[in-house]
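Heads up: the structure comes next, in structure tokens.
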2 protein chains.
Amino acid sequence: MLTRSATHAVRAMVALAGLEPGEYAQTARVADAAGVPRNYLSKILFQLARRGLVESQRGLGGGFRLARDASQISLYDVVDSVEDVARWNECAFGEKQCSDTQPCALHHRWGRVRDAYFGLLRNTFVGELIGNGSSVEIRDVGALNVQRRSL
Amino acid sequence: MLTRSATHAVRAMVALAGLEPGEYAQTARVADAAGVPRNYLSKILFQLARRGLVESQRGLGGGFRLARDASQISLYDVVDSVEDVARWNECAFGEKQCSDTQPCALHHRWGRVRDAYFGLLRNTFVGELIGNGSSVEIRDVGALNVQRRSL
DNA sequence: ATATATCAGGATATTTATATCCTATTATAG
DNA sequence: CTATAATAGGATATAAATATCCTGATATAT
């Protein structure tokens, strides 16, 4: 299952995908759009930035935006930024020396579940999740809307 | 993913499946066989008993044993005794009103992952997990081995 | 330069999962 | 009846996930 942090991260990414090209959105705006607690989201956005999925800009008119096109960012990238996806590779039965060559009684069955999950993560992209009646809509409330020189 | 409690529970059930018919094993013995902390396991065994998967007997010669044949106890029963399996039904995208008729953008893809997981739980039975090179082997250390009247 | 907006990130709080400890209760043996 | 074995289950401790709060650093506008 996705952790709550992972869901937050995906929703934030989808919100950012709804921005005008080049536009930045502040944490608070993303938080409102994605329905995620503001201060917690700031941690998550930081992790996404560290991973290189979003870019940040400080100061007036700054905020966050996607670092590349939403169609090029998989859920795997997003989720693995905030949780250790690799733990799905651990033995479901808790056996220390479980492996393909020395499988536990659950090994192959669990492999199918993991494949389904990894398939979802690897073959789904942020760009596919926008719109669609989703509640993740980022709207510019028009509060500031500064034009930046460097754009 | 299975929680650690769930893994503990499955391992304990497999250990109990290795008992002689009618025999009880004390918590400590199950804990050693399954490699689970004793006191924590006692909580888990209690939950399994509440669910009706194991029977307990207090007093000298008592302990726990399976309440029915290991081939009739699914992993779903076991896992759902110690964690809320139903949370896999919640929307992976965190949408409040996500449903089959009003699906979020992840709804159907997530459904496939859930189906794989539920399939594993529903179609795997404790009886299938015994032996097999698993480290969960319950051995009667012969410490006591009391014969009970009521058997 | 100064005021303001915004992220960066440390410190802390809350909640949940995991684990330990201890006493009460129940059963058996002698 | 007494001693002993074992679960029942409350109280507490630890660890990890989630969330909040606050200050410092950095960018912009005037």
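Letters A, B, ... mark the chains of the structure tokens in the order given; residue numbers begin at 1 per chain; ligand numbers begin at 1, in order shown.
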
Check: which chain B residues lie within 10 Å of chain A using only C-alpha atoms, as a PDB file with N, CA and C atoms, in the first residue's frame:
ATOM      1  N   MET B   1       1.645  -4.117   1.467  1.00  0.00           N
ATOM      2  CA  MET B   1       2.616  -4.976   2.143  1.00  0.00           C
ATOM      3  C   MET B   1       2.071  -5.521   3.453  1.00  0.00           C
ATOM      4  N   LEU B   2       2.579  -6.665   3.840  1.00  0.00           N
ATOM      5  CA  LEU B   2       2.207  -7.216   5.141  1.00  0.00           C
ATOM      6  C   LEU B   2       2.886  -6.409   6.234  1.00  0.00           C
ATOM      7  N   THR B   3       2.146  -6.119   7.285  1.00  0.00           N
ATOM      8  CA  THR B   3       2.786  -5.503   8.439  1.00  0.00           C
ATOM      9  C   THR B   3       3.628  -6.566   9.135  1.00  0.00           C
ATOM     10  N   ARG B   4       4.452  -6.094  10.035  1.00  0.00           N
ATOM     11  CA  ARG B   4       5.272  -7.051  10.761  1.00  0.00           C
ATOM     12  C   ARG B   4       4.392  -7.950  11.635  1.00  0.00           C
ATOM     13  N   ALA B   6       1.492  -8.988  10.956  1.00  0.00           N
ATOM     14  CA  ALA B   6       0.881  -9.998  10.089  1.00  0.00           C
ATOM     15  C   ALA B   6       1.871 -11.127   9.799  1.00  0.00           C
ATOM     16  N   THR B   7       3.104 -10.760   9.524  1.00  0.00           N
ATOM     17  CA  THR B   7       4.123 -11.785   9.293  1.00  0.00           C
ATOM     18  C   THR B   7       4.298 -12.652  10.535  1.00  0.00           C
ATOM     19  N   HIS B   8       4.337 -12.008  11.690  1.00  0.00           N
ATOM     20  CA  HIS B   8       4.417 -12.755  12.944  1.00  0.00           C
ATOM     21  C   HIS B   8       3.264 -13.746  13.045  1.00  0.00           C
ATOM     22  N   VAL B  10       1.338 -15.085  10.722  1.00  0.00           N
ATOM     23  CA  VAL B  10       1.433 -16.187   9.761  1.00  0.00           C
ATOM     24  C   VAL B  10       2.469 -17.200  10.230  1.00  0.00           C
ATOM     25  N   ARG B  11       3.601 -16.718  10.670  1.00  0.00           N
ATOM     26  CA  ARG B  11       4.656 -17.634  11.109  1.00  0.00           C
ATOM     27  C   ARG B  11       4.207 -18.443  12.329  1.00  0.00           C
ATOM     28  N   ALA B  34       8.806 -19.640  15.727  1.00  0.00           N
ATOM     29  CA  ALA B  34       8.463 -18.686  14.678  1.00  0.00           C
ATOM     30  C   ALA B  34       9.432 -17.508  14.625  1.00  0.00           C
ATOM     31  N   GLY B  35      10.280 -17.405  15.651  1.00  0.00           N
ATOM     32  CA  GLY B  35      11.219 -16.286  15.669  1.00  0.00           C
ATOM     33  C   GLY B  35      10.537 -14.963  15.906  1.00  0.00           C
ATOM     34  N   ARG B  87      -8.311  -1.780   4.521  1.00  0.00           N
ATOM     35  CA  ARG B  87      -7.774  -0.477   4.131  1.00  0.00           C
ATOM     36  C   ARG B  87      -7.222  -0.500   2.713  1.00  0.00           C
ATOM     37  N   TRP B  88      -6.976  -1.706   2.175  1.00  0.00           N
ATOM     38  CA  TRP B  88      -6.571  -1.812   0.771  1.00  0.00           C
ATOM     39  C   TRP B  88      -7.684  -1.381  -0.165  1.00  0.00           C
ATOM     40  N   GLU B  90      -9.380   1.340   0.291  1.00  0.00           N
ATOM     41  CA  GLU B  90      -9.445   2.800   0.246  1.00  0.00           C
ATOM     42  C   GLU B  90      -8.769   3.317  -1.017  1.00  0.00           C
ATOM     43  N   CYS B  91      -9.161   4.504  -1.412  1.00  0.00           N
ATOM     44  CA  CYS B  91      -8.642   5.096  -2.644  1.00  0.00           C
ATOM     45  C   CYS B  91      -7.144   5.365  -2.512  1.00  0.00           C
ATOM     46  N   ALA B  92      -6.369   4.839  -3.481  1.00  0.00           N
ATOM     47  CA  ALA B  92      -4.919   4.999  -3.448  1.00  0.00           C
ATOM     48  C   ALA B  92      -4.514   6.439  -3.705  1.00  0.00           C
ATOM     49  N   PHE B  93      -5.409   7.213  -4.255  1.00  0.00           N
ATOM     50  CA  PHE B  93      -5.102   8.591  -4.613  1.00  0.00           C
ATOM     51  C   PHE B  93      -5.618   9.554  -3.548  1.00  0.00           C
ATOM     52  N   GLY B  94      -6.253   8.990  -2.534  1.00  0.00           N
ATOM     53  CA  GLY B  94      -6.713   9.815  -1.421  1.00  0.00           C
ATOM     54  C   GLY B  94      -7.988  10.594  -1.705  1.00  0.00           C
ATOM     55  N   GLU B  95      -8.754  10.159  -2.712  1.00  0.00           N
ATOM     56  CA  GLU B  95     -10.004  10.852  -3.027  1.00  0.00           C
ATOM     57  C   GLU B  95     -11.124  10.348  -2.124  1.00  0.00           C
ATOM     58  N   LYS B  96     -11.868  11.272  -1.567  1.00  0.00           N
ATOM     59  CA  LYS B  96     -12.939  10.909  -0.653  1.00  0.00           C
ATOM     60  C   LYS B  96     -14.027  10.094  -1.339  1.00  0.00           C
ATOM     61  N   GLN B  97     -14.456  10.579  -2.492  1.00  0.00           N
ATOM     62  CA  GLN B  97     -15.628   9.959  -3.110  1.00  0.00           C
ATOM     63  C   GLN B  97     -15.272   9.079  -4.297  1.00  0.00           C
ATOM     64  N   CYS B  98     -14.154   8.403  -4.172  1.00  0.00           N
ATOM     65  CA  CYS B  98     -13.755   7.503  -5.244  1.00  0.00           C
ATOM     66  C   CYS B  98     -14.537   6.190  -5.127  1.00  0.00           C
ATOM     67  N   GLN B 102     -17.575   6.253  -9.775  1.00  0.00           N
ATOM     68  CA  GLN B 102     -16.954   7.577  -9.827  1.00  0.00           C
ATOM     69  C   GLN B 102     -15.464   7.411  -9.537  1.00  0.00           C
ATOM     70  N   PRO B 103     -14.757   6.752 -10.428  1.00  0.00           N
ATOM     71  CA  PRO B 103     -13.382   6.335 -10.133  1.00  0.00           C
ATOM     72  C   PRO B 103     -12.369   7.469 -10.259  1.00  0.00           C
ATOM     73  N   CYS B 104     -11.362   7.450  -9.402  1.00  0.00           N
ATOM     74  CA  CYS B 104     -10.250   8.384  -9.544  1.00  0.00           C
ATOM     75  C   CYS B 104      -9.350   7.877 -10.667  1.00  0.00           C
ATOM     76  N   ALA B 105      -8.340   8.657 -10.978  1.00  0.00           N
ATOM     77  CA  ALA B 105      -7.485   8.318 -12.123  1.00  0.00           C
ATOM     78  C   ALA B 105      -6.660   7.055 -11.884  1.00  0.00           C
ATOM     79  N   LEU B 106      -6.557   6.650 -10.644  1.00  0.00           N
ATOM     80  CA  LEU B 106      -5.780   5.445 -10.331  1.00  0.00           C
ATOM     81  C   LEU B 106      -6.663   4.235 -10.063  1.00  0.00           C
ATOM     82  N   ARG B 109      -6.313   0.844 -12.057  1.00  0.00           N
ATOM     83  CA  ARG B 109      -4.963   0.290 -11.954  1.00  0.00           C
ATOM     84  C   ARG B 109      -4.723  -0.240 -10.545  1.00  0.00           C
ATOM     85  N   TRP B 110      -5.161   0.527  -9.565  1.00  0.00           N
ATOM     86  CA  TRP B 110      -4.979   0.084  -8.193  1.00  0.00           C
ATOM     87  C   TRP B 110      -5.780  -1.183  -7.917  1.00  0.00           C
ATOM     88  N   GLY B 111      -6.937  -1.265  -8.532  1.00  0.00           N
ATOM     89  CA  GLY B 111      -7.768  -2.450  -8.368  1.00  0.00           C
ATOM     90  C   GLY B 111      -7.014  -3.720  -8.735  1.00  0.00           C
ATOM     91  N   ARG B 112      -6.178  -3.637  -9.751  1.00  0.00           N
ATOM     92  CA  ARG B 112      -5.421  -4.817 -10.157  1.00  0.00           C
ATOM     93  C   ARG B 112      -4.397  -5.223  -9.105  1.00  0.00           C
ATOM     94  N   VAL B 113      -3.793  -4.228  -8.497  1.00  0.00           N
ATOM     95  CA  VAL B 113      -2.828  -4.529  -7.436  1.00  0.00           C
ATOM     96  C   VAL B 113      -3.552  -5.168  -6.255  1.00  0.00           C
ATOM     97  N   ARG B 114      -4.659  -4.570  -5.891  1.00  0.00           N
ATOM     98  CA  ARG B 114      -5.436  -5.104  -4.768  1.00  0.00           C
ATOM     99  C   ARG B 114      -5.916  -6.528  -5.054  1.00  0.00           C
ATOM    100  N   ASP B 115      -6.361  -6.751  -6.284  1.00  0.00           N
ATOM    101  CA  ASP B 115      -6.806  -8.097  -6.633  1.00  0.00           C
ATOM    102  C   ASP B 115      -5.675  -9.104  -6.474  1.00  0.00           C
ATOM    103  N   ALA B 116      -4.484  -8.717  -6.888  1.00  0.00           N
ATOM    104  CA  ALA B 116      -3.344  -9.628  -6.753  1.00  0.00           C
ATOM    105  C   ALA B 116      -3.084  -9.928  -5.279  1.00  0.00           C
ATOM    106  N   TYR B 117      -3.144  -8.893  -4.473  1.00  0.00           N
ATOM    107  CA  TYR B 117      -2.888  -9.078  -3.042  1.00  0.00           C
ATOM    108  C   TYR B 117      -3.973  -9.922  -2.387  1.00  0.00           C
ATOM    109  N   PHE B 118      -5.225  -9.557  -2.633  1.00  0.00           N
ATOM    110  CA  PHE B 118      -6.329 -10.321  -2.046  1.00  0.00           C
ATOM    111  C   PHE B 118      -6.317 -11.757  -2.553  1.00  0.00           C
ATOM    112  N   GLY B 119      -5.930 -11.939  -3.811  1.00  0.00           N
ATOM    113  CA  GLY B 119      -5.827 -13.292  -4.352  1.00  0.00           C
ATOM    114  C   GLY B 119      -4.823 -14.113  -3.568  1.00  0.00           C
ATOM    115  N   LEU B 120      -3.690 -13.518  -3.311  1.00  0.00           N
ATOM    116  CA  LEU B 120      -2.674 -14.201  -2.498  1.00  0.00           C
ATOM    117  C   LEU B 120      -3.256 -14.589  -1.144  1.00  0.00           C
ATOM    118  N   LEU B 121      -3.915 -13.643  -0.497  1.00  0.00           N
ATOM    119  CA  LEU B 121      -4.433 -13.899   0.847  1.00  0.00           C
ATOM    120  C   LEU B 121      -5.550 -14.939   0.847  1.00  0.00           C
ATOM    121  N   ASN B 123      -6.283 -17.250  -1.490  1.00  0.00           N
ATOM    122  CA  ASN B 123      -6.020 -18.557  -2.099  1.00  0.00           C
ATOM    123  C   ASN B 123      -4.810 -19.268  -1.508  1.00  0.00           C
ATOM    124  N   THR B 124      -4.263 -18.696  -0.482  1.00  0.00           N
ATOM    125  CA  THR B 124      -3.145 -19.369   0.177  1.00  0.00           C
ATOM    126  C   THR B 124      -3.603 -19.796   1.563  1.00  0.00           C
ATOM    127  N   GLU B 128      -0.380 -24.856   3.324  1.00  0.00           N
ATOM    128  CA  GLU B 128       0.530 -24.868   2.178  1.00  0.00           C
ATOM    129  C   GLU B 128       1.912 -24.340   2.533  1.00  0.00           C
ATOM    130  N   LEU B 129       2.040 -23.805   3.700  1.00  0.00           N
ATOM    131  CA  LEU B 129       3.288 -23.115   4.028  1.00  0.00           C
ATOM    132  C   LEU B 129       4.210 -23.907   4.944  1.00  0.00           C
ATOM    133  N   ILE B 130       3.749 -25.078   5.359  1.00  0.00           N
ATOM    134  CA  ILE B 130       4.586 -25.840   6.288  1.00  0.00           C
ATOM    135  C   ILE B 130       5.727 -26.536   5.557  1.00  0.00           C
ATOM    136  N   GLY B 131       6.763 -26.848   6.317  1.00  0.00           N
ATOM    137  CA  GLY B 131       7.929 -27.514   5.729  1.00  0.00           C
ATOM    138  C   GLY B 131       8.604 -26.646   4.695  1.00  0.00           C
ATOM    139  N   ASN B 132       8.949 -27.241   3.553  1.00  0.00           N
ATOM    140  CA  ASN B 132       9.425 -26.430   2.443  1.00  0.00           C
ATOM    141  C   ASN B 132      10.723 -25.683   2.723  1.00  0.00           C
ATOM    142  N   GLY B 133      11.518 -26.208   3.653  1.00  0.00           N
ATOM    143  CA  GLY B 133      12.760 -25.520   3.963  1.00  0.00           C
ATOM    144  C   GLY B 133      12.555 -24.282   4.800  1.00  0.00           C
ATOM    145  N   SER B 134      11.291 -24.036   5.178  1.00  0.00           N
ATOM    146  CA  SER B 134      11.028 -22.896   6.041  1.00  0.00           C
ATOM    147  C   SER B 134      11.726 -23.080   7.386  1.00  0.00           C
ATOM    148  N   SER B 135      12.149 -21.980   7.962  1.00  0.00           N
ATOM    149  CA  SER B 135      12.825 -22.071   9.249  1.00  0.00           C
ATOM    150  C   SER B 135      11.821 -22.225  10.383  1.00  0.00           C
ATOM    151  N   VAL B 136      10.545 -22.170  10.057  1.00  0.00           N
ATOM    152  CA  VAL B 136       9.537 -22.309  11.096  1.00  0.00           C
ATOM    153  C   VAL B 136       9.222 -23.775  11.328  1.00  0.00           C
TER     154      VAL B 136
END

Practice task
Please report as a PyMOL selection string which residues of chain D come no farther than 10 Å from chain A, using only C-alpha atoms (C1' of nucleotides).
Solution key: chain D and resi 17-21+25-29

Practice task
Identify all chain C residues at most 7 Å from chain A by counting only C-alpha atoms (C1' of nucleotides); ligands do not count. Present them as a list in words.
Solution key: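 Filtering chain C at 7 Å from chain A with only C-alpha atoms (C1' of nucleotides) gives DA5, DT6 and DC7 of chain C.
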
Print the selection's residues with all heavy atoms to a file, as an mmCIF file, in the first residue's frame.
data_model
loop_
_atom_site.group_PDB
_atom_site.id
_atom_site.type_symbol
_atom_site.label_atom_id
_atom_site.label_comp_id
_atom_site.auth_asym_id
_atom_site.auth_seq_id
_atom_site.Cartn_x
_atom_site.Cartn_y
_atom_site.Cartn_z
ATOM 1 P P DA C 5 4.651 40.063 2.078
ATOM 2 O OP1 DA C 5 3.348 40.522 1.570
ATOM 3 O OP2 DA C 5 4.822 39.621 3.479
ATOM 4 O "O5'" DA C 5 5.151 38.875 1.136
ATOM 5 C "C5'" DA C 5 5.439 39.151 -0.233
ATOM 6 C "C4'" DA C 5 6.268 38.025 -0.797
ATOM 7 O "O4'" DA C 5 7.607 38.076 -0.238
ATOM 8 C "C3'" DA C 5 5.731 36.630 -0.488
ATOM 9 O "O3'" DA C 5 5.779 35.880 -1.697
ATOM 10 C "C2'" DA C 5 6.692 36.075 0.555
ATOM 11 C "C1'" DA C 5 7.991 36.791 0.209
ATOM 12 N N9 DA C 5 8.909 36.994 1.331
ATOM 13 C C8 DA C 5 8.636 37.562 2.542
ATOM 14 N N7 DA C 5 9.679 37.626 3.359
ATOM 15 C C5 DA C 5 10.704 37.064 2.613
ATOM 16 C C6 DA C 5 12.067 36.833 2.906
ATOM 17 N N6 DA C 5 12.643 37.153 4.063
ATOM 18 N N1 DA C 5 12.817 36.244 1.946
ATOM 19 C C2 DA C 5 12.238 35.918 0.785
ATOM 20 N N3 DA C 5 10.969 36.080 0.392
ATOM 21 C C4 DA C 5 10.251 36.665 1.363
ATOM 22 P P DT C 6 4.855 34.627 -1.925
ATOM 23 O OP1 DT C 6 4.525 34.565 -3.360
ATOM 24 O OP2 DT C 6 3.793 34.651 -0.896
ATOM 25 O "O5'" DT C 6 5.827 33.411 -1.569
ATOM 26 C "C5'" DT C 6 6.923 33.129 -2.446
ATOM 27 C "C4'" DT C 6 7.993 32.373 -1.723
ATOM 28 O "O4'" DT C 6 8.574 33.180 -0.680
ATOM 29 C "C3'" DT C 6 7.557 31.113 -0.993
ATOM 30 O "O3'" DT C 6 7.704 29.991 -1.849
ATOM 31 C "C2'" DT C 6 8.492 31.031 0.201
ATOM 32 C "C1'" DT C 6 9.359 32.279 0.066
ATOM 33 N N1 DT C 6 9.743 32.865 1.381
ATOM 34 C C2 DT C 6 11.067 32.844 1.739
ATOM 35 O O2 DT C 6 11.946 32.376 1.040
ATOM 36 N N3 DT C 6 11.345 33.377 2.977
ATOM 37 C C4 DT C 6 10.440 33.916 3.864
ATOM 38 O O4 DT C 6 10.806 34.368 4.933
ATOM 39 C C5 DT C 6 9.067 33.915 3.417
ATOM 40 C C7 DT C 6 8.008 34.468 4.306
ATOM 41 C C6 DT C 6 8.781 33.389 2.211
ATOM 42 P P DC C 7 7.482 28.479 -1.279
ATOM 43 O OP1 DC C 7 6.907 27.713 -2.392
ATOM 44 O OP2 DC C 7 6.788 28.537 0.024
ATOM 45 O "O5'" DC C 7 8.970 27.947 -1.018
ATOM 46 C "C5'" DC C 7 9.868 27.902 -2.103
ATOM 47 C "C4'" DC C 7 11.299 27.783 -1.598
ATOM 48 O "O4'" DC C 7 11.512 28.717 -0.523
ATOM 49 C "C3'" DC C 7 11.665 26.404 -1.044
ATOM 50 O "O3'" DC C 7 13.027 26.143 -1.383
ATOM 51 C "C2'" DC C 7 11.481 26.601 0.456
ATOM 52 C "C1'" DC C 7 11.989 28.031 0.618
ATOM 53 N N1 DC C 7 11.479 28.717 1.834
ATOM 54 C C2 DC C 7 12.381 29.198 2.793
ATOM 55 O O2 DC C 7 13.594 29.033 2.609
ATOM 56 N N3 DC C 7 11.902 29.834 3.888
ATOM 57 C C4 DC C 7 10.586 29.995 4.057
ATOM 58 N N4 DC C 7 10.161 30.634 5.144
ATOM 59 C C5 DC C 7 9.644 29.514 3.080
ATOM 60 C C6 DC C 7 10.128 28.879 2.000
#

Practice task
Using DSSP on the backbone coordinates, identify the residues of stretch 3-149 of chain B assigned to helix (DSSP H, G or I); present them as a PyMOL selection string.
Solution key: chain B and resi 4-17+27-34+38-50+70-72+75-82+85-89+107-123+126-129

Problem - All strand (DSSP E or B) positions in stretch 24-91 of chain A, as a ChimeraX atom specification - result: /A:25,54-57,63-66,74

Selected residues, N, CA, C and O atoms, written as a PDB file, in the first residue's frame, please.
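Contents of the output file part24.pdb:
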ATOM      1  N   ALA A  25       4.405  27.649  -7.987  1.00  0.00           N
ATOM      2  CA  ALA A  25       3.334  27.738  -6.986  1.00  0.00           C
ATOM      3  C   ALA A  25       3.946  27.581  -5.600  1.00  0.00           C
ATOM      4  O   ALA A  25       4.795  26.706  -5.391  1.00  0.00           O
ATOM      5  N   VAL A  54      11.151  18.144  -8.859  1.00  0.00           N
ATOM      6  CA  VAL A  54      10.632  19.511  -8.895  1.00  0.00           C
ATOM      7  C   VAL A  54      11.786  20.487  -8.684  1.00  0.00           C
ATOM      8  O   VAL A  54      12.840  20.113  -8.156  1.00  0.00           O
ATOM      9  N   GLU A  55      11.568  21.714  -9.127  1.00  0.00           N
ATOM     10  CA  GLU A  55      12.544  22.787  -8.929  1.00  0.00           C
ATOM     11  C   GLU A  55      11.947  23.793  -7.965  1.00  0.00           C
ATOM     12  O   GLU A  55      10.743  24.044  -8.005  1.00  0.00           O
ATOM     13  N   SER A  56      12.783  24.367  -7.139  1.00  0.00           N
ATOM     14  CA  SER A  56      12.285  25.374  -6.213  1.00  0.00           C
ATOM     15  C   SER A  56      12.950  26.715  -6.487  1.00  0.00           C
ATOM     16  O   SER A  56      14.052  26.774  -7.043  1.00  0.00           O
ATOM     17  N   GLN A  57      12.264  27.740  -6.091  1.00  0.00           N
ATOM     18  CA  GLN A  57      12.787  29.098  -6.257  1.00  0.00           C
ATOM     19  C   GLN A  57      12.371  29.892  -5.030  1.00  0.00           C
ATOM     20  O   GLN A  57      11.194  29.944  -4.689  1.00  0.00           O
ATOM     21  N   GLY A  63       8.566  29.514  -5.513  1.00  0.00           N
ATOM     22  CA  GLY A  63       7.720  28.364  -5.180  1.00  0.00           C
ATOM     23  C   GLY A  63       8.305  27.110  -5.788  1.00  0.00           C
ATOM     24  O   GLY A  63       9.529  26.955  -5.857  1.00  0.00           O
ATOM     25  N   PHE A  64       7.422  26.220  -6.221  1.00  0.00           N
ATOM     26  CA  PHE A  64       7.866  24.961  -6.822  1.00  0.00           C
ATOM     27  C   PHE A  64       7.210  24.785  -8.190  1.00  0.00           C
ATOM     28  O   PHE A  64       6.100  25.271  -8.434  1.00  0.00           O
ATOM     29  N   ARG A  65       7.911  24.050  -9.044  1.00  0.00           N
ATOM     30  CA  ARG A  65       7.316  23.635 -10.308  1.00  0.00           C
ATOM     31  C   ARG A  65       7.975  22.322 -10.724  1.00  0.00           C
ATOM     32  O   ARG A  65       9.034  21.965 -10.200  1.00  0.00           O
ATOM     33  N   LEU A  66       7.359  21.614 -11.643  1.00  0.00           N
ATOM     34  CA  LEU A  66       7.935  20.352 -12.112  1.00  0.00           C
ATOM     35  C   LEU A  66       9.266  20.619 -12.807  1.00  0.00           C
ATOM     36  O   LEU A  66       9.422  21.618 -13.513  1.00  0.00           O
ATOM     37  N   SER A  74       7.347   9.190 -13.561  1.00  0.00           N
ATOM     38  CA  SER A  74       6.555   8.022 -13.164  1.00  0.00           C
ATOM     39  C   SER A  74       6.200   8.080 -11.686  1.00  0.00           C
ATOM     40  O   SER A  74       6.859   8.755 -10.881  1.00  0.00           O
TER      41      SER A  74
END

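The nearest approach to D:DA6 among the residues C:DG9, C:DG30, C:DT25, C:DT18, with only C-alpha atoms (C1' of nucleotides) taken into account, belongs to C:DT25.
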